[in-house]
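Participant: File name entry_24.csv; file contents CSV, C-alpha atoms; full text below.
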chain,number,residue,atom,x,y,z
I,1,MET,CA,8.4,-7.7,117.4
I,2,ARG,CA,8.6,-11.5,117.2
I,3,THR,CA,11.9,-13.4,117.1
I,4,PRO,CA,12.6,-14.3,113.4
I,5,GLY,CA,12.0,-18.0,112.9
I,6,ILE,CA,9.6,-18.5,115.8
I,7,LEU,CA,6.6,-18.5,113.5
I,8,PHE,CA,8.2,-21.2,111.3
I,9,TRP,CA,8.4,-23.5,114.4
I,10,ARG,CA,4.9,-22.5,115.5
I,11,GLY,CA,3.6,-23.5,112.0
I,12,ALA,CA,5.4,-26.8,112.3
I,13,ARG,CA,4.2,-27.5,115.8
I,14,ASP,CA,0.6,-26.7,115.0
I,15,SER,CA,0.8,-29.2,112.1
I,16,LEU,CA,2.1,-32.1,114.3
I,17,PRO,CA,-1.4,-33.6,114.9
I,18,LEU,CA,-2.1,-33.4,111.1
I,19,VAL,CA,1.3,-35.0,110.3
I,20,LEU,CA,0.3,-37.9,112.6
I,21,GLY,CA,-2.7,-38.3,110.4
I,22,ALA,CA,-0.7,-38.2,107.2
I,23,LEU,CA,2.0,-40.7,108.4
I,24,PRO,CA,0.0,-43.9,107.6
I,25,PHE,CA,-1.0,-42.6,104.2
I,26,GLY,CA,2.7,-42.1,103.2
I,27,LEU,CA,3.6,-45.6,104.5
I,28,ILE,CA,0.7,-47.2,102.7
I,29,PHE,CA,1.4,-45.3,99.5
I,30,GLY,CA,5.0,-46.4,99.4
I,31,ALA,CA,4.1,-50.0,100.1
I,32,LEU,CA,1.3,-50.1,97.5
I,33,ALA,CA,3.4,-48.4,94.8
I,34,VAL,CA,6.2,-51.1,95.2
I,35,GLY,CA,3.5,-53.8,95.4
I,36,ASN,CA,2.1,-52.5,92.1
I,37,GLY,CA,5.4,-52.8,90.3
I,38,PHE,CA,6.8,-49.3,90.7
I,39,SER,CA,10.6,-49.1,91.5
I,40,VAL,CA,11.6,-47.5,94.8
I,41,ALA,CA,13.1,-44.6,92.7
I,42,ALA,CA,9.9,-44.0,90.9
I,43,THR,CA,7.9,-44.1,94.1
I,44,ALA,CA,10.2,-41.6,95.8
I,45,GLY,CA,10.3,-39.5,92.6
I,46,MET,CA,6.5,-39.3,92.6
I,47,SER,CA,6.3,-38.2,96.2
I,48,LEU,CA,9.2,-35.7,95.7
I,49,PHE,CA,7.8,-34.0,92.5
I,50,VAL,CA,4.0,-34.6,92.6
I,51,PHE,CA,3.5,-34.4,96.4
I,52,ALA,CA,-0.2,-34.9,96.3
I,53,GLY,CA,-1.4,-37.9,98.3
I,54,SER,CA,-4.9,-38.4,96.8
I,55,ALA,CA,-3.7,-38.0,93.2
I,56,GLN,CA,-0.8,-40.4,93.9
I,57,PHE,CA,-3.1,-43.1,95.3
I,58,ILE,CA,-5.5,-42.7,92.4
I,59,ALA,CA,-2.7,-42.9,89.9
I,60,LEU,CA,-1.6,-46.2,91.4
I,61,GLY,CA,-5.0,-47.6,91.0
I,62,LEU,CA,-5.3,-46.4,87.4
I,63,VAL,CA,-1.9,-47.8,86.5
I,64,ALA,CA,-2.9,-51.1,88.0
I,65,ALA,CA,-6.1,-51.0,86.0
I,66,GLY,CA,-4.1,-50.4,82.8
I,67,ALA,CA,-5.4,-46.9,82.2
I,68,SER,CA,-3.6,-44.8,79.5
I,69,LEU,CA,-1.4,-41.8,80.4
I,70,PRO,CA,-3.9,-39.2,79.2
I,71,VAL,CA,-6.6,-40.7,81.4
I,72,ILE,CA,-4.3,-40.7,84.4
I,73,LEU,CA,-3.3,-37.1,83.8
I,74,PHE,CA,-6.8,-35.9,83.3
I,75,THR,CA,-7.8,-37.7,86.6
I,76,THR,CA,-4.9,-36.0,88.3
I,77,LEU,CA,-6.3,-32.6,87.1
I,78,VAL,CA,-9.8,-33.4,88.4
I,79,VAL,CA,-8.6,-34.8,91.8
I,80,ASN,CA,-6.6,-31.7,92.4
I,81,LEU,CA,-9.3,-29.2,91.5
I,82,ARG,CA,-9.9,-28.4,95.1
I,83,HIS,CA,-6.5,-26.7,95.2
I,84,LEU,CA,-8.1,-23.9,93.1
I,85,LEU,CA,-10.3,-23.2,96.2
I,86,TYR,CA,-7.3,-23.4,98.5
I,87,GLY,CA,-5.3,-21.1,96.2
I,88,ALA,CA,-8.1,-18.7,95.9
I,89,THR,CA,-8.3,-18.5,99.7
I,90,LEU,CA,-4.6,-18.2,100.4
I,91,ALA,CA,-3.3,-16.2,97.4
I,92,PRO,CA,-5.0,-12.9,98.2
I,93,ARG,CA,-3.2,-12.9,101.6
I,94,MET,CA,0.2,-13.4,99.9
I,95,THR,CA,0.2,-11.1,96.9
I,96,GLY,CA,3.3,-9.1,98.1
I,97,LEU,CA,5.6,-12.1,98.4
I,98,PRO,CA,8.4,-12.7,95.9
I,99,GLU,CA,7.4,-14.9,93.0
I,100,TRP,CA,9.6,-17.9,94.1
I,101,LYS,CA,7.9,-17.9,97.5
I,102,LYS,CA,4.4,-17.9,95.8
I,103,ALA,CA,5.5,-20.8,93.6
I,104,LEU,CA,6.9,-22.8,96.6
I,105,THR,CA,3.7,-22.0,98.6
I,106,ALA,CA,1.7,-23.4,95.7
I,107,PHE,CA,3.9,-26.5,95.2
I,108,TRP,CA,3.6,-27.3,99.0
I,109,LEU,CA,-0.2,-26.8,99.1
I,110,THR,CA,-1.9,-29.8,100.9
I,111,ASP,CA,-5.2,-30.4,102.6
I,112,GLU,CA,-3.3,-30.5,105.9
I,113,SER,CA,-1.3,-27.2,105.6
I,114,PHE,CA,-4.4,-25.5,104.2
I,115,ALA,CA,-6.4,-26.7,107.3
I,116,VAL,CA,-3.7,-25.3,109.6
I,117,MET,CA,-3.6,-22.0,107.7
I,118,ALA,CA,-7.4,-21.7,107.8
I,119,LEU,CA,-7.2,-21.3,111.6
I,120,ARG,CA,-4.8,-18.4,111.1
I,121,LEU,CA,-6.9,-16.7,108.4
I,122,ASP,CA,-10.1,-16.8,110.5
I,123,ASP,CA,-10.9,-13.3,111.6
I,124,GLU,CA,-12.6,-14.7,114.7
I,125,SER,CA,-9.4,-16.3,115.8
I,126,PRO,CA,-8.0,-15.0,119.1
I,127,ASP,CA,-4.6,-14.5,117.4
I,128,PRO,CA,-3.8,-11.1,116.1
I,129,ARG,CA,-3.9,-11.0,112.3
I,130,LEU,CA,-0.5,-11.9,110.9
I,131,SER,CA,1.3,-9.9,108.3
I,132,GLU,CA,2.0,-11.4,104.9
I,133,ALA,CA,5.6,-12.2,105.8
I,134,GLU,CA,4.6,-13.7,109.1
I,135,LEU,CA,1.8,-15.8,107.6
I,136,SER,CA,4.2,-17.1,104.9
I,137,GLU,CA,6.8,-18.0,107.6
I,138,TYR,CA,4.1,-19.9,109.5
I,139,TYR,CA,3.0,-21.7,106.4
I,140,PHE,CA,6.5,-22.7,105.4
I,141,GLY,CA,6.9,-24.3,108.9
I,142,SER,CA,3.8,-26.3,108.4
I,143,ALA,CA,4.5,-27.2,104.7
I,144,THR,CA,8.2,-28.2,105.3
I,145,LEU,CA,7.1,-30.6,108.0
I,146,MET,CA,4.4,-32.1,105.8
I,147,TYR,CA,6.8,-32.4,102.9
I,148,VAL,CA,9.6,-34.1,104.9
I,149,ASP,CA,7.0,-36.4,106.5
I,150,TRP,CA,5.6,-37.4,103.2
I,151,GLN,CA,9.0,-38.2,101.7
I,152,LEU,CA,10.2,-40.2,104.7
I,153,CYS,CA,7.0,-42.1,105.0
I,154,SER,CA,6.5,-43.0,101.4
I,155,LEU,CA,10.2,-44.1,101.2
I,156,ALA,CA,9.9,-46.2,104.4
I,157,GLY,CA,6.7,-47.7,103.0
I,158,ALA,CA,8.4,-48.5,99.7
I,159,LEU,CA,11.5,-50.1,101.4
I,160,PHE,CA,9.9,-51.8,104.3
I,161,GLY,CA,6.2,-52.0,103.5
I,162,ASN,CA,6.1,-55.7,103.2
I,163,PHE,CA,7.4,-56.1,106.7
I,164,LEU,CA,4.2,-54.4,108.0
I,165,PRO,CA,1.6,-56.8,106.9
I,166,GLY,CA,-1.9,-55.5,107.6
I,167,ALA,CA,-0.7,-52.0,108.6
I,168,ALA,CA,-3.7,-50.7,106.7
I,169,SER,CA,-6.0,-52.6,109.1
I,170,TRP,CA,-4.7,-50.8,112.2
I,171,GLY,CA,-7.1,-47.9,111.4
I,172,LEU,CA,-4.3,-45.3,111.6
I,173,ASP,CA,-5.7,-43.7,108.5
I,174,PHE,CA,-8.7,-42.5,110.6
I,175,ALA,CA,-6.3,-40.0,112.3
I,176,MET,CA,-6.5,-37.6,109.4
I,177,PRO,CA,-10.3,-37.1,109.4
I,178,VAL,CA,-10.2,-36.9,113.2
I,179,ALA,CA,-7.6,-34.1,113.1
I,180,PHE,CA,-9.8,-32.3,110.5
I,181,ILE,CA,-12.7,-32.5,113.0
I,182,GLY,CA,-10.5,-30.6,115.4
I,183,ILE,CA,-10.0,-27.9,112.8
I,184,VAL,CA,-13.7,-27.7,111.8
I,185,ALA,CA,-15.2,-27.8,115.4
I,186,PRO,CA,-14.4,-24.2,116.3
I,187,TYR,CA,-16.2,-23.0,113.1
I,188,LEU,CA,-19.5,-24.6,114.0
I,189,LYS,CA,-20.6,-21.9,116.4
I,190,GLN,CA,-21.4,-19.5,113.6
I,191,LEU,CA,-24.5,-20.3,111.6
I,192,PRO,CA,-23.1,-19.8,108.0
I,193,MET,CA,-20.0,-21.8,108.8
I,194,ALA,CA,-22.1,-24.6,110.4
I,195,THR,CA,-24.3,-24.6,107.3
I,196,ALA,CA,-21.2,-24.9,105.0
I,197,ALA,CA,-20.1,-27.9,107.1
I,198,LEU,CA,-23.5,-29.6,107.3
I,199,VAL,CA,-24.5,-29.2,103.6
I,200,ALA,CA,-21.0,-30.2,102.4
I,201,GLY,CA,-21.1,-33.3,104.7
I,202,ALA,CA,-24.6,-34.3,103.4
I,203,VAL,CA,-23.7,-33.8,99.7
I,204,SER,CA,-20.4,-35.7,100.2
I,205,ILE,CA,-22.4,-38.8,101.0
I,206,LEU,CA,-25.0,-38.3,98.3
I,207,ALA,CA,-22.3,-37.6,95.6
I,208,TYR,CA,-19.8,-40.2,97.0
I,209,ALA,CA,-20.2,-42.4,93.9
I,210,LEU,CA,-18.9,-39.8,91.5
I,211,PRO,CA,-15.4,-40.7,90.1
I,212,SER,CA,-12.1,-38.9,90.8
I,213,LYS,CA,-13.2,-37.1,94.0
I,214,LEU,CA,-15.7,-35.1,92.0
I,215,GLY,CA,-18.1,-35.8,94.9
I,216,LEU,CA,-15.8,-34.0,97.3
I,217,LEU,CA,-15.7,-31.0,94.9
I,218,ALA,CA,-19.5,-31.0,94.4
I,219,ALA,CA,-19.9,-31.2,98.2
I,220,ALA,CA,-17.5,-28.3,98.9
I,221,LEU,CA,-19.2,-26.1,96.3
I,222,ALA,CA,-22.7,-27.0,97.7
I,223,GLY,CA,-21.6,-26.1,101.2
I,224,ILE,CA,-20.1,-22.8,100.1
I,225,ILE,CA,-23.2,-21.8,98.1
I,226,ALA,CA,-25.5,-22.8,101.0
I,227,ALA,CA,-23.5,-20.8,103.5
I,228,THR,CA,-23.4,-17.8,101.2
I,229,LEU,CA,-27.2,-17.9,100.9
I,230,VAL,CA,-27.7,-18.2,104.6
I,231,GLU,CA,-25.5,-15.2,105.2
I,232,LEU,CA,-26.9,-12.9,102.5
I,233,PRO,CA,-29.9,-11.5,104.5
I,234,SER,CA,-27.6,-10.5,107.4
I,235,LEU,CA,-25.2,-8.6,105.1
I,236,PRO,CA,-25.3,-4.8,105.5
I,237,LYS,CA,-27.4,-2.9,102.9
I,238,GLY,CA,-25.5,-2.6,99.7
I,239,GLY,CA,-23.3,-5.6,100.7
I,240,THR,CA,-23.8,-7.1,97.3
I,241,GLU,CA,-22.9,-3.9,95.7
I,242,MET,CA,-19.3,-4.5,96.9
I,243,GLY,CA,-19.2,-7.2,94.3
I,244,LYS,CA,-18.9,-4.5,91.6
I,245,GLU,CA,-15.6,-3.1,92.8
V,246,MET,CA,4.0,-47.0,81.3
V,247,ASN,CA,7.0,-44.6,81.1
V,248,ASP,CA,7.7,-43.5,84.7
V,249,PHE,CA,9.3,-40.2,83.6
V,250,LEU,CA,6.2,-39.2,81.5
V,251,LEU,CA,3.8,-40.3,84.3
V,252,ILE,CA,5.6,-38.5,87.1
V,253,GLY,CA,6.5,-35.4,85.0
V,254,GLY,CA,3.0,-35.1,83.7
V,255,MET,CA,1.4,-35.5,87.1
V,256,ALA,CA,3.9,-33.1,88.7
V,257,ALA,CA,3.3,-30.4,86.0
V,258,ILE,CA,-0.5,-30.6,86.2
V,259,THR,CA,-0.6,-30.7,90.0
V,260,PHE,CA,1.7,-27.7,90.2
V,261,LEU,CA,-0.3,-25.7,87.6
V,262,ILE,CA,-3.5,-26.1,89.4
V,263,ARG,CA,-2.0,-25.2,92.8
V,264,TYR,CA,-0.2,-22.2,91.3
V,265,ALA,CA,-3.1,-20.8,89.1
V,266,MET,CA,-4.6,-18.7,91.8
V,267,PHE,CA,-1.3,-17.4,93.1
V,268,ALA,CA,-0.4,-16.3,89.5
V,269,ALA,CA,-3.8,-14.6,89.2
V,270,ALA,CA,-3.9,-12.9,92.6
V,271,GLY,CA,-2.7,-9.3,92.7
V,272,ARG,CA,-3.4,-8.8,89.0
V,273,PHE,CA,-7.0,-7.9,89.7
V,274,GLN,CA,-9.1,-6.9,92.7
V,275,ILE,CA,-11.0,-9.9,94.2
V,276,PRO,CA,-14.7,-8.7,94.7
V,277,ALA,CA,-15.7,-8.4,98.4
V,278,LEU,CA,-18.6,-10.9,97.9
V,279,VAL,CA,-16.2,-13.5,96.6
V,280,SER,CA,-13.7,-13.0,99.4
V,281,ARG,CA,-16.5,-13.3,101.9
V,282,THR,CA,-17.6,-16.5,100.2
V,283,LEU,CA,-14.1,-17.9,100.3
V,284,ARG,CA,-14.2,-17.9,104.1
V,285,PHE,CA,-16.5,-20.9,103.8
V,286,VAL,CA,-13.9,-23.0,101.9
V,287,PRO,CA,-12.2,-24.6,105.0
V,288,PRO,CA,-15.3,-25.9,106.8
V,289,ALA,CA,-16.9,-27.0,103.5
V,290,VAL,CA,-13.9,-28.9,102.1
V,291,LEU,CA,-12.8,-30.4,105.4
V,292,SER,CA,-16.4,-31.6,106.1
V,293,ALA,CA,-16.6,-33.2,102.7
V,294,ILE,CA,-13.4,-35.1,103.6
V,295,ILE,CA,-14.5,-36.0,107.1
V,296,VAL,CA,-18.1,-37.1,106.7
V,297,PRO,CA,-17.5,-40.0,104.2
V,298,ALA,CA,-14.6,-41.2,106.3
V,299,VAL,CA,-16.8,-41.4,109.4
V,300,LEU,CA,-20.1,-42.6,107.9
V,301,MET,CA,-18.8,-44.7,105.0
V,302,PRO,CA,-15.5,-46.1,106.3
V,303,GLY,CA,-15.6,-49.0,103.9
V,304,GLY,CA,-16.4,-46.8,101.0
V,305,LYS,CA,-19.3,-49.0,100.0
V,306,GLY,CA,-22.4,-47.5,101.7
V,307,LEU,CA,-23.4,-46.1,105.0
V,308,GLU,CA,-22.2,-47.9,108.2
V,309,LEU,CA,-24.3,-46.3,110.9
V,310,GLY,CA,-25.2,-47.4,114.4
V,311,LEU,CA,-23.9,-47.7,118.0
V,312,GLY,CA,-21.2,-50.2,116.9
V,313,SER,CA,-19.4,-47.9,114.6
V,314,PRO,CA,-15.9,-47.1,116.0
V,315,GLN,CA,-15.6,-44.2,113.5
V,316,ILE,CA,-18.8,-42.5,114.7
V,317,ALA,CA,-17.9,-43.0,118.3
V,318,GLY,CA,-14.4,-41.5,117.8
V,319,ALA,CA,-15.8,-38.7,115.6
V,320,LEU,CA,-18.4,-37.6,118.2
V,321,VAL,CA,-15.8,-37.6,121.0
V,322,ALA,CA,-13.4,-35.6,118.7
V,323,LEU,CA,-16.1,-33.1,118.0
V,324,LEU,CA,-16.9,-32.7,121.7
V,325,VAL,CA,-13.3,-32.2,122.7
V,326,GLY,CA,-12.8,-29.9,119.7
V,327,ARG,CA,-15.8,-27.7,120.7
V,328,LEU,CA,-14.9,-27.6,124.4
V,329,TRP,CA,-11.1,-27.4,124.3
V,330,GLY,CA,-10.1,-26.6,120.7
V,331,ASN,CA,-6.7,-28.3,121.0
V,332,ILE,CA,-6.1,-30.4,117.9
V,333,LEU,CA,-3.6,-32.8,119.5
V,334,ALA,CA,-6.2,-33.5,122.3
V,335,VAL,CA,-8.8,-34.0,119.6
V,336,VAL,CA,-6.6,-36.6,117.8
V,337,ILE,CA,-5.7,-38.5,121.0
V,338,SER,CA,-9.2,-38.6,122.4
V,339,GLY,CA,-10.8,-39.4,119.0
V,340,MET,CA,-8.4,-42.1,118.1
V,341,GLY,CA,-8.4,-43.5,121.7
V,342,VAL,CA,-12.2,-43.9,121.6
V,343,PHE,CA,-12.0,-45.3,118.0
V,344,TRP,CA,-9.6,-48.0,119.1
V,345,LEU,CA,-11.4,-48.6,122.5
V,346,TRP,CA,-14.6,-49.2,120.6
V,347,GLN,CA,-13.1,-52.1,118.7
V,348,THR,CA,-11.9,-54.0,121.9
V,349,PRO,CA,-13.9,-57.1,122.8
V,350,PHE,CA,-14.6,-55.5,126.3
V,351,VAL,CA,-16.4,-52.5,124.9
V,352,ARG,CA,-18.1,-54.5,122.2
V,353,GLY,CA,-19.3,-56.9,124.9
V,354,LEU,CA,-20.7,-53.9,127.0
V,355,LEU,CA,-22.5,-52.7,123.9
V,356,GLY,CA,-23.9,-56.2,123.3
V,357,LEU,CA,-22.3,-56.5,119.9
As a first step, turn the structure in this file into structure tokens.
Facilitator:
Amino acid sequence: MRTPGILFWRGARDSLPLVLGALPFGLIFGALAVGNGFSVAATAGMSLFVFAGSAQFIALGLVAAGASLPVILFTTLVVNLRHLLYGATLAPRMTGLPEWKKALTAFWLTDESFAVMALRLDDESPDPRLSEAELSEYYFGSATLMYVDWQLCSLAGALFGNFLPGAASWGLDFAMPVAFIGIVAPYLKQLPMATAALVAGAVSILAYALPSKLGLLAAALAGIIAATLVELPSLPKGGTEMGKE
Amino acid sequence: MNDFLLIGGMAAITFLIRYAMFAAAGRFQIPALVSRTLRFVPPAVLSAIIVPAVLMPGGKGLELGLGSPQIAGALVALLVGRLWGNILAVVISGMGVFWLWQTPFVRGLLGL
């Protein structure tokens, strides 16, 4: 039996490299928001209640461009559609949790915490499969750290952003994709997984010009479909029949 | 623009999308083929975030070639990730090479 709480800290510890990657985004968001006329309170409020980096950045751009509220809200919806994929992956592993924990899990869903969780959900992982409660504890460790990090960084950016001229040019924002490379690398030894990564990567370039991160969504779906097609012939006979359950 | 409407609306929409699958799960059985397919979500979504950041860092077209600090950093990160699998090591080595690649010394060696 594990000591209670240990998985919470393990989730937080495993998320540290990704938090490093998220740090500059929070700072830059805070600085940009205040620079675009948002009050410090509104900047902090958006980070506290929306807690979605990409959507927050795009909203800033749309407000600055004079977009109407319905346009901004619809764009928020589209930018966040990838969370349906994250939810579909995580939710079946958390069906027994109390409703408030499911809601908090959903509220705290981010690219980073999902990436850390993906390593724990992978059947090929050397770790023994965790129970629902253990998985949830691990997730809350990761998500708490991400949430606190995002609040502190966006507030610091809002308050002190103008003291860090050119912080955006240090290239710190490259730390997030680099951390994600570390998450994806172990997947690449399996053919279907490598196909998912390659096809998604190629389509992400081809579809980059689509607005509101729709290119990201198209790329992810293309990668998932390609990997499914690659894997189909190797499924046991009747494998597709399972779909009728 | 009213800050309360903007933040409240964005918060509500973001939460509803994030919560939708948690509300639905457990109410019906997820078909085995679908759950097999969902295993591909992490490598697919993360690659779709990584590749444009590496190959189109300016967001305005491909920036390829030996001189790209992003490509150099990403290749080292990929190598360290495959050989070692420690994400902190991946970030330190990848970012280290990414910054090193921008120094006048390395750019001189590369003839850039």
Participant: Would you give the centre and edge lengths, in Å to one decimal, of a box along x, y and z around the listed atoms of region 337-355 of chain V, with 5 Å added to each side, as AutoDock Vina command-line options?
Facilitator:
--center_x -14.1 --center_y -47.8 --center_z 122.5 --size_x 26.8 --size_y 28.6 --size_z 19.0
Participant: For Pro287 (chain V), list every protein, DNA or RNA residue within 8 Å, evaluated using all atoms listed in the file, and leave out those in the same chain fewer than 6 positions away; present the list as an mmCIF file with C-alpha atoms, in the coordinates of the input.
Facilitator:
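Ended up saving to part_39.cif:
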data_model
loop_
_atom_site.group_PDB
_atom_site.id
_atom_site.type_symbol
_atom_site.label_atom_id
_atom_site.label_comp_id
_atom_site.auth_asym_id
_atom_site.auth_seq_id
_atom_site.Cartn_x
_atom_site.Cartn_y
_atom_site.Cartn_z
ATOM 1 C CA PHE I 114 -4.400 -25.500 104.200
ATOM 2 C CA ALA I 115 -6.400 -26.700 107.300
ATOM 3 C CA ALA I 118 -7.400 -21.700 107.800
ATOM 4 C CA VAL I 184 -13.700 -27.700 111.800
#
Participant: How would you write as a list in words the residues that get within 10 Å of (-21.3, -41.7, 98.8) in the file's frame, counting all atoms listed in the file?
Facilitator: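 Those residues lying close to the given coordinates are Ala202, Val203, Ser204, Ile205, Leu206, Ala207, Tyr208, Ala209, Leu210, Gly215 and Leu216 of chain I; Val296, Pro297, Leu300, Met301, Gly304, Lys305, Gly306 and Leu307 of chain V.
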Participant: How would the residues just chosen look if you wrote them out with C-alpha atoms as an mmCIF file, in the coordinates of the input?
Facilitator:
data_model
loop_
_atom_site.group_PDB
_atom_site.id
_atom_site.type_symbol
_atom_site.label_atom_id
_atom_site.label_comp_id
_atom_site.auth_asym_id
_atom_site.auth_seq_id
_atom_site.Cartn_x
_atom_site.Cartn_y
_atom_site.Cartn_z
ATOM 1 C CA ALA I 202 -24.600 -34.300 103.400
ATOM 2 C CA VAL I 203 -23.700 -33.800 99.700
ATOM 3 C CA SER I 204 -20.400 -35.700 100.200
ATOM 4 C CA ILE I 205 -22.400 -38.800 101.000
ATOM 5 C CA LEU I 206 -25.000 -38.300 98.300
ATOM 6 C CA ALA I 207 -22.300 -37.600 95.600
ATOM 7 C CA TYR I 208 -19.800 -40.200 97.000
ATOM 8 C CA ALA I 209 -20.200 -42.400 93.900
ATOM 9 C CA LEU I 210 -18.900 -39.800 91.500
ATOM 10 C CA GLY I 215 -18.100 -35.800 94.900
ATOM 11 C CA LEU I 216 -15.800 -34.000 97.300
ATOM 12 C CA VAL V 296 -18.100 -37.100 106.700
ATOM 13 C CA PRO V 297 -17.500 -40.000 104.200
ATOM 14 C CA LEU V 300 -20.100 -42.600 107.900
ATOM 15 C CA MET V 301 -18.800 -44.700 105.000
ATOM 16 C CA GLY V 304 -16.400 -46.800 101.000
ATOM 17 C CA LYS V 305 -19.300 -49.000 100.000
ATOM 18 C CA GLY V 306 -22.400 -47.500 101.700
ATOM 19 C CA LEU V 307 -23.400 -46.100 105.000
#
Participant: Can you tell me which residues surround Ile295 (chain V) at a distance of at most 8 Å, considering only C-alpha atoms, apart from same-chain residues fewer than 6 positions away, and format the answer as a PyMOL selection string?
Facilitator: chain I and resi 177-178+180-181+201
Participant: Give me the residues of chain V that have any atom at most 7 Å from an atom of chain I; for each, the nearest atom pair and the distance in Å, rounded to one decimal. Use all atoms listed in the file, sort by chain and number, and format it as a tab-separated table.
Facilitator:
residue	atom	partner	partner_atom	distance
V:Asp248	CA	I:Ala42	CA	6.6
V:Leu251	CA	I:Leu69	CA	6.7
V:Ile252	CA	I:Met46	CA	5.6
V:Gly254	CA	I:Leu73	CA	6.6
V:Met255	CA	I:Leu73	CA	6.0
V:Ala256	CA	I:Val50	CA	4.2
V:Ile258	CA	I:Leu77	CA	6.2
V:Thr259	CA	I:Asn80	CA	6.5
V:Phe260	CA	I:Phe107	CA	5.6
V:Ile262	CA	I:Leu84	CA	6.3
V:Arg263	CA	I:Ala106	CA	5.0
V:Tyr264	CA	I:Ala106	CA	4.9
V:Met266	CA	I:Gly87	CA	5.1
V:Phe267	CA	I:Ala91	CA	4.9
V:Ala270	CA	I:Pro92	CA	5.7
V:Gly271	CA	I:Thr95	CA	5.4
V:Pro276	CA	I:Gly243	CA	4.8
V:Ala277	CA	I:Met242	CA	5.5
V:Leu278	CA	I:Gly243	CA	5.2
V:Thr282	CA	I:Thr228	CA	6.0
V:Leu283	CA	I:Thr89	CA	5.9
V:Phe285	CA	I:Ile224	CA	5.5
V:Val286	CA	I:Ile224	CA	6.5
V:Pro287	CA	I:Ala118	CA	6.3
V:Pro288	CA	I:Ala197	CA	5.2
V:Ala289	CA	I:Ala220	CA	4.8
V:Val290	CA	I:Ala220	CA	4.9
V:Leu291	CA	I:Phe180	CA	6.2
V:Ser292	CA	I:Gly201	CA	5.2
V:Ala293	CA	I:Gly201	CA	4.9
V:Ile294	CA	I:Leu216	CA	6.8
V:Ile295	CA	I:Pro177	CA	4.9
V:Val296	CA	I:Gly201	CA	5.2
V:Pro297	CA	I:Ile205	CA	6.0
V:Ala298	CA	I:Pro177	CA	6.7
V:Ala319	CA	I:Val178	CA	6.4
V:Ala322	CA	I:Val178	CA	6.5
V:Leu323	CA	I:Ala185	CA	6.0
V:Gly326	CA	I:Gly182	CA	4.9
V:Arg327	CA	I:Ala185	CA	5.3
V:Gly330	CA	I:Pro186	CA	6.6
V:Ile332	CA	I:Gly182	CA	5.1
V:Leu333	CA	I:Pro17	CA	5.2
V:Val335	CA	I:Gly182	CA	5.7
V:Val336	CA	I:Ala179	CA	5.4
V:Gly339	CA	I:Val178	CA	6.3
V:Met340	CA	I:Ala175	CA	6.5
Participant: Using CA of Gly303 (chain V) and CA of Leu159 (chain I) as the two end points, give the distance in Å to one decimal.
Facilitator: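 Pair CA of Gly303 (chain V) / CA of Leu159 (chain I) returns 27.2 Å.
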Participant: Here is a test: counting all atoms listed in the file, which residue of I:Leu27, I:Leu7, I:Val34, I:Leu152 is nearest to Ser136 (chain I)?
Facilitator: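 Smallest separation from Ser136 (chain I) among the options: I:Leu7.
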Participant: Record the distance separating CA of Gly141 (chain I) and CA of Trp9 (chain I), expressed in Å with one decimal.
Facilitator: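 A separation of 5.8 Å between them.
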Participant: Take CA of Ala156 (chain I) and CA of Gly26 (chain I) and report the distance between them in Å, one decimal.
Facilitator: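 That distance, rounded to one decimal, is 8.4 Å.
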Participant: Would you list the contacts of region 341-350 of chain V as number ranges by chain, taking every protein, DNA or RNA residue within 6 Å and counting all atoms listed in the file, but skipping same-chain residues closer than 6 positions in sequence?
Facilitator: V: 314-315, 318
Participant: Render region 104-112 of chain I from the structure in the preceding block as a file of N, CA and C atoms, as a JSON list (two decimals), in the first residue's frame.
Facilitator:
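Ended up saving to decode26.json:
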[["chain", "number", "residue", "atom", "x", "y", "z"],
["I", 104, "LEU", "N", -13.78, 19.02, -10.95],
["I", 104, "LEU", "CA", -12.49, 19.69, -10.72],
["I", 104, "LEU", "C", -11.43, 19.17, -11.70],
["I", 105, "THR", "N", -11.49, 17.86, -11.96],
["I", 105, "THR", "CA", -10.58, 17.28, -12.96],
["I", 105, "THR", "C", -10.78, 17.97, -14.30],
["I", 106, "ALA", "N", -12.05, 18.18, -14.67],
["I", 106, "ALA", "CA", -12.36, 18.83, -15.95],
["I", 106, "ALA", "C", -11.89, 20.28, -15.95],
["I", 107, "PHE", "N", -12.19, 21.01, -14.88],
["I", 107, "PHE", "CA", -11.81, 22.43, -14.81],
["I", 107, "PHE", "C", -10.30, 22.60, -14.95],
["I", 108, "TRP", "N", -9.55, 21.66, -14.40],
["I", 108, "TRP", "CA", -8.08, 21.77, -14.38],
["I", 108, "TRP", "C", -7.40, 21.12, -15.59],
["I", 109, "LEU", "N", -8.19, 20.69, -16.56],
["I", 109, "LEU", "CA", -7.61, 20.00, -17.71],
["I", 109, "LEU", "C", -6.75, 20.96, -18.54],
["I", 110, "THR", "N", -5.49, 20.60, -18.77],
["I", 110, "THR", "CA", -4.61, 21.40, -19.62],
["I", 110, "THR", "C", -3.81, 20.45, -20.51],
["I", 111, "ASP", "N", -3.20, 21.02, -21.55],
["I", 111, "ASP", "CA", -2.31, 20.22, -22.40],
["I", 111, "ASP", "C", -1.25, 19.54, -21.53],
["I", 112, "GLU", "N", -0.69, 20.31, -20.58],
["I", 112, "GLU", "CA", 0.43, 19.82, -19.78],
["I", 112, "GLU", "C", 0.03, 18.67, -18.86]]
